[in-house]
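To start, the structure under review is shown below, and the notes come after it.
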Amino acid sequence: MLTVRSLSLLVVLGALSAVEAAPQNRGNRGGNRGGRNRNGGQGNNRQGGGQQQATTAFQQAQQIPQGVSTATDGSTILDTTATVNGLPLRFKVSAPADQFTADSGVDGATQDAGAAGDLGLNVLLHGDGGQSFFDFPNQAVQGGLAGVAVLAPDPNLFWGGGQGLDRTDGVAHAQAVADLVADVMPQVLAFNSSRVSFTGVSGGSLLLSGFLMPAHMAQFASAGQESQVLLNCGGLEPQVQVSADNAAALAATRVHFQSTQQELSLLQPAIPAAVAAYEQIAADQGLDAAAIGALQTVDNSPDGGHCEFDEADFVSGVQLMADSFSAILQGGDGNLAGTNVNVLNPVVGNEDLSFSGAS
């Protein structure tokens, strides 16, 4: 059985840790990765003889073994890759072993491909560089949802490709994620396809709000289905046309926007614009202010930098939000896990977020 504690994994993760999880502009990604580094590594991949050979973040990620390991709650994690619409989508799924399909390669798997299960899914899209894919903060089963994380099929591990807020491959990447859930996941796991939710982190939130939600939400939140979306430290107005069926689904989707007081300057106007845009979609579907406020909430009270929701660190901040998913989005008390910080502010009247600084 492969283990996330293998030496080769730690070495490659050290190289990958140089990639900033915040939305980035593309620069010289072959050698040193400039700019602030939350994890303290260097972005070079040294080959034999002391020579430096340029590799992409995606290529570095391929050096990390896939396979089967154990989750923090004792569930089984399967790390594998499928080709979807010509794109290589590496993904992790964490669930009890007996919920995997017999062909998945998981010991103790008992399910037939396409079988229905009780657990839904919480699909996480990481920030630029892939940190949260490897950390897999949503790996524990929570609120009846099995954890899934998907790695961006992009040389720099940017969801939607492009740079900054301009996600030039957003349409293709959103389609691939939607098709992964529809076509690949049933071959791996027995799950309830009427309960598929999403978590975005930074650049992953840009893909979700800018492309997947406006173009594909009808797949996940139509009549008889339920879906929740947690948009952490990122947000875009819809970048594609919102069809009537997707607008109707969005008016039934529970959404929470979470930022911090010292959010990136790039995102400080983008997140409120996304909040206002999704509020307007719900209003256009006939929801009144009270209904919209119950459906869509927003907060940026933590006094931290980008994704530092615990006011301390990117990684631990993202983990805090993952641990708080059910409390925020599934009818809980709205408090961040282990705190008295309540984040359930209705979007109505709170669209214009104020920030104390920038990270």
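If you're wondering about the labels, chains in the structure tokens are A, B, ... by order shown, residues count from 1 in each chain, ligands from 1 in order shown.
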Practice task
Fewer than 4 positions away in the same chain doesn't count, so skip those; otherwise give me all residues within 10 Å of Asp73 (chain A), counting only C-alpha atoms, as a PyMOL selection string.
Solution key: chain A and resi 94-96+139-142
May I have a table of the residues of region 269-357 of chain A lying at most 10 Å from region 198-218 of chain A, giving each one's closest pair of atoms and their distance in Å to one decimal, counting only C-alpha atoms, ordered by chain and ascending residue number, as a Markdown table?
| residue | atom | partner | partner_atom | distance |
| --- | --- | --- | --- | --- |
| A:Ala270 | CA | A:Leu206 | CA | 9.5 |
| A:Ile271 | CA | A:Leu206 | CA | 9.4 |
| A:Ala274 | CA | A:Ser209 | CA | 7.4 |
| A:Val275 | CA | A:Ser209 | CA | 9.7 |
| A:Ala277 | CA | A:Ser209 | CA | 9.9 |
| A:Tyr278 | CA | A:Ser209 | CA | 8.8 |
| A:Ile281 | CA | A:Pro214 | CA | 9.8 |
| A:His306 | CA | A:Ser202 | CA | 8.3 |
| A:Cys307 | CA | A:Ser202 | CA | 7.4 |
| A:Val318 | CA | A:Val201 | CA | 7.6 |
| A:Met321 | CA | A:Thr199 | CA | 9.4 |
| A:Ala322 | CA | A:Thr199 | CA | 8.2 |
| A:Phe325 | CA | A:Thr199 | CA | 8.7 |
Could you please take those selected residues and save C-alpha atoms as a CSV table (one decimal), in the first residue's frame?
chain,number,residue,atom,x,y,z
A,270,ALA,CA,-13.6,40.4,-7.7
A,271,ILE,CA,-15.2,38.7,-4.7
A,274,ALA,CA,-19.2,37.7,-7.7
A,275,VAL,CA,-21.4,38.0,-4.6
A,277,ALA,CA,-23.8,38.7,-9.5
A,278,TYR,CA,-25.0,35.5,-7.8
A,281,ILE,CA,-29.3,35.5,-10.4
A,306,HIS,CA,-5.1,35.2,1.6
A,307,CYS,CA,-6.9,32.0,2.7
A,318,VAL,CA,-7.9,26.0,4.4
A,321,MET,CA,-12.8,25.8,6.4
A,322,ALA,CA,-12.9,22.2,5.3
A,325,PHE,CA,-18.2,22.8,5.8
Exercise for the section: In Å, rounded to a single decimal, give me how far CA of Val123 (chain A) is from CA of Val150 (chain A). Expected result: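 Separation between CA of Val150 (chain A) and CA of Val123 (chain A): 7.4 Å.
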Handout entry: Residue list (strand (DSSP E or B), DSSP) for region 256-317 of chain A, as a PyMOL selection string
Key = chain A and resi 256-258+296-299
Exercise for the section: Just the residues within 8 Å of Ser324 (chain A), please, counting only C-alpha atoms, with nothing from its chain fewer than 5 positions along; format it as a list in words. Expected result: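 The filter keeps Asn335, Leu336 and Ala337 of chain A.
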Give me a file of those residues, with N, CA and C atoms, as a PDB file, in the first residue's frame.
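To be explicit, this is the file written out as again09.pdb:
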ATOM      1  N   ASN A 335     -20.609  28.452  12.869  1.00  0.00           N
ATOM      2  CA  ASN A 335     -19.343  28.808  13.499  1.00  0.00           C
ATOM      3  C   ASN A 335     -18.184  28.050  12.863  1.00  0.00           C
ATOM      4  N   LEU A 336     -17.072  28.740  12.689  1.00  0.00           N
ATOM      5  CA  LEU A 336     -15.864  28.049  12.253  1.00  0.00           C
ATOM      6  C   LEU A 336     -15.471  27.043  13.328  1.00  0.00           C
ATOM      7  N   ALA A 337     -15.017  25.876  12.900  1.00  0.00           N
ATOM      8  CA  ALA A 337     -14.768  24.756  13.810  1.00  0.00           C
ATOM      9  C   ALA A 337     -13.870  25.159  14.974  1.00  0.00           C
TER      10      ALA A 337
END
Exercise for the section: Excluding Gly143 (chain A) and any residue of its chain fewer than 5 positions from it, enumerate the residues within 9 Å of it, using only C-alpha atoms, and give them as a list in words. Expected result: Leu119, Gly120, Phe325, Ser326, Ala327 and Gln330 of chain A
Just the selected residues (all heavy atoms), exported as a PDB file, in the first residue's frame, please.
ATOM      1  N   LEU A 119     -23.512   7.926   0.437  1.00  0.00           N
ATOM      2  CA  LEU A 119     -22.697   9.122   0.560  1.00  0.00           C
ATOM      3  C   LEU A 119     -22.784   9.989  -0.690  1.00  0.00           C
ATOM      4  O   LEU A 119     -22.783   9.478  -1.811  1.00  0.00           O
ATOM      5  CB  LEU A 119     -21.229   8.749   0.792  1.00  0.00           C
ATOM      6  CG  LEU A 119     -20.868   8.090   2.117  1.00  0.00           C
ATOM      7  CD1 LEU A 119     -19.395   7.710   2.123  1.00  0.00           C
ATOM      8  CD2 LEU A 119     -21.189   9.015   3.288  1.00  0.00           C
ATOM      9  N   GLY A 120     -22.848  11.296  -0.484  1.00  0.00           N
ATOM     10  CA  GLY A 120     -22.668  12.223  -1.584  1.00  0.00           C
ATOM     11  C   GLY A 120     -21.194  12.544  -1.745  1.00  0.00           C
ATOM     12  O   GLY A 120     -20.321  11.870  -1.172  1.00  0.00           O
ATOM     13  N   PHE A 325     -17.235  22.829   6.955  1.00  0.00           N
ATOM     14  CA  PHE A 325     -18.153  22.753   5.815  1.00  0.00           C
ATOM     15  C   PHE A 325     -19.587  22.488   6.267  1.00  0.00           C
ATOM     16  O   PHE A 325     -20.522  23.198   5.874  1.00  0.00           O
ATOM     17  CB  PHE A 325     -17.692  21.675   4.838  1.00  0.00           C
ATOM     18  CG  PHE A 325     -18.494  21.616   3.569  1.00  0.00           C
ATOM     19  CD1 PHE A 325     -18.088  22.304   2.445  1.00  0.00           C
ATOM     20  CD2 PHE A 325     -19.666  20.858   3.491  1.00  0.00           C
ATOM     21  CE1 PHE A 325     -18.826  22.258   1.258  1.00  0.00           C
ATOM     22  CE2 PHE A 325     -20.408  20.808   2.327  1.00  0.00           C
ATOM     23  CZ  PHE A 325     -19.989  21.516   1.208  1.00  0.00           C
ATOM     24  N   SER A 326     -19.762  21.482   7.085  1.00  0.00           N
ATOM     25  CA  SER A 326     -21.122  21.113   7.493  1.00  0.00           C
ATOM     26  C   SER A 326     -21.756  22.205   8.353  1.00  0.00           C
ATOM     27  O   SER A 326     -22.940  22.529   8.188  1.00  0.00           O
ATOM     28  CB  SER A 326     -21.094  19.784   8.253  1.00  0.00           C
ATOM     29  OG  SER A 326     -22.404  19.365   8.583  1.00  0.00           O
ATOM     30  N   ALA A 327     -20.978  22.802   9.247  1.00  0.00           N
ATOM     31  CA  ALA A 327     -21.511  23.847  10.125  1.00  0.00           C
ATOM     32  C   ALA A 327     -21.967  25.066   9.337  1.00  0.00           C
ATOM     33  O   ALA A 327     -22.926  25.738   9.710  1.00  0.00           O
ATOM     34  CB  ALA A 327     -20.455  24.254  11.147  1.00  0.00           C
ATOM     35  N   GLN A 330     -24.532  23.081   5.766  1.00  0.00           N
ATOM     36  CA  GLN A 330     -25.502  21.993   5.892  1.00  0.00           C
ATOM     37  C   GLN A 330     -26.399  22.159   7.120  1.00  0.00           C
ATOM     38  O   GLN A 330     -26.805  21.191   7.736  1.00  0.00           O
ATOM     39  CB  GLN A 330     -24.777  20.644   5.937  1.00  0.00           C
ATOM     40  CG  GLN A 330     -24.055  20.307   4.637  1.00  0.00           C
ATOM     41  CD  GLN A 330     -23.353  18.960   4.699  1.00  0.00           C
ATOM     42  OE1 GLN A 330     -22.605  18.679   5.630  1.00  0.00           O
ATOM     43  NE2 GLN A 330     -23.614  18.116   3.724  1.00  0.00           N
TER      44      GLN A 330
END
Exercise for the section: Select, from A:Ala291, A:Val196, A:Leu236, A:Leu165, the residue with the minimum atom-to-atom distance to Ala252 (chain A), counting only C-alpha atoms. Expected result: A:Ala291
Exercise for the section: Have a look at A:Asn342, A:Gln99, A:Asn122, A:Thr168 and name the one nearest to Pro186 (chain A); count only C-alpha atoms. Expected result: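 Under the stated criterion, the closest residue is A:Gln99.
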Problem - Using only C-alpha atoms: which of A:Gly293, A:Gly235, A:Gly74, A:Gly331 has the shortest distance to Gly127 (chain A) - result: A:Gly235
Practice task
Mind checking which residues fall within 9 Å of Asn350 (chain A), counting only C-alpha atoms, ignoring those fewer than 3 positions away in the same chain, and posting them as a VMD selection string?
Solution key: chain A and resid 272 275 297 to 299 345 to 347 353
Go ahead and write the selection's residues with N, CA and C atoms as a compact mmCIF listing (two decimals), in the first residue's frame.
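Below is the file that was written, out_24.txt:
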# COMPACT_ATOMS: atom_id res chain seq x y z
N PRO A 272 -16.54 40.71 -4.14
CA PRO A 272 -17.84 41.38 -4.02
C PRO A 272 -18.63 41.40 -5.33
N VAL A 275 -20.27 38.07 -5.53
CA VAL A 275 -21.39 38.02 -4.58
C VAL A 275 -22.62 38.71 -5.18
N THR A 297 -24.61 33.25 1.62
CA THR A 297 -24.00 33.96 2.74
C THR A 297 -22.58 34.36 2.40
N VAL A 298 -22.05 35.32 3.17
CA VAL A 298 -20.72 35.86 2.88
C VAL A 298 -20.06 36.32 4.17
N ASP A 299 -18.73 36.21 4.22
CA ASP A 299 -18.00 36.68 5.39
C ASP A 299 -16.55 36.95 5.02
N ASN A 345 -23.48 35.49 7.36
CA ASN A 345 -24.05 36.80 7.06
C ASN A 345 -24.76 36.74 5.72
N PRO A 346 -26.02 37.09 5.63
CA PRO A 346 -26.71 37.06 4.34
C PRO A 346 -26.04 38.00 3.35
N VAL A 347 -26.02 37.61 2.08
CA VAL A 347 -25.38 38.47 1.08
C VAL A 347 -26.15 39.78 0.92
N LEU A 353 -18.00 44.22 0.60
CA LEU A 353 -17.08 43.85 1.68
C LEU A 353 -16.03 44.94 1.87
Problem - Nearest to Ala109 (chain A) by atom-to-atom distance, counting only C-alpha atoms, from A:Ala190, A:Val93, A:Ala282, A:Leu344 - result: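 Checking each of A:Ala190, A:Val93, A:Ala282, A:Leu344 against Ala109 (chain A), counting only C-alpha atoms, the winner is A:Ala190.
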Problem - Nearest to Gly164 (chain A), chosen from A:Ala146, A:Gly114, A:Gln24, A:Gln241, with only C-alpha atoms counted in the distances - result: A:Gln24
Practice task
Find the residues near Phe355 (chain A): any atom within 12 Å, counting only C-alpha atoms, skip ones fewer than 5 places away on the same chain, and give them as a PyMOL selection string.
Solution key: chain A and resi 259-265+267-269+271-272+299-306
Exercise for the section: Work out how far apart CA of Gly129 (chain A) and CA of Phe309 (chain A) are and give it in Å to one decimal. Expected result: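 Straight-line distance from CA of Gly129 (chain A) to CA of Phe309 (chain A) works out to 19.1 Å.
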Handout entry: Using only C-alpha atoms: which of A:Gly147, A:Ala251, A:Ala116, A:Leu189 has the shortest distance to Asp288 (chain A)
Key =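 Among A:Gly147, A:Ala251, A:Ala116, A:Leu189, it is A:Ala251 that comes nearest to Asp288 (chain A).
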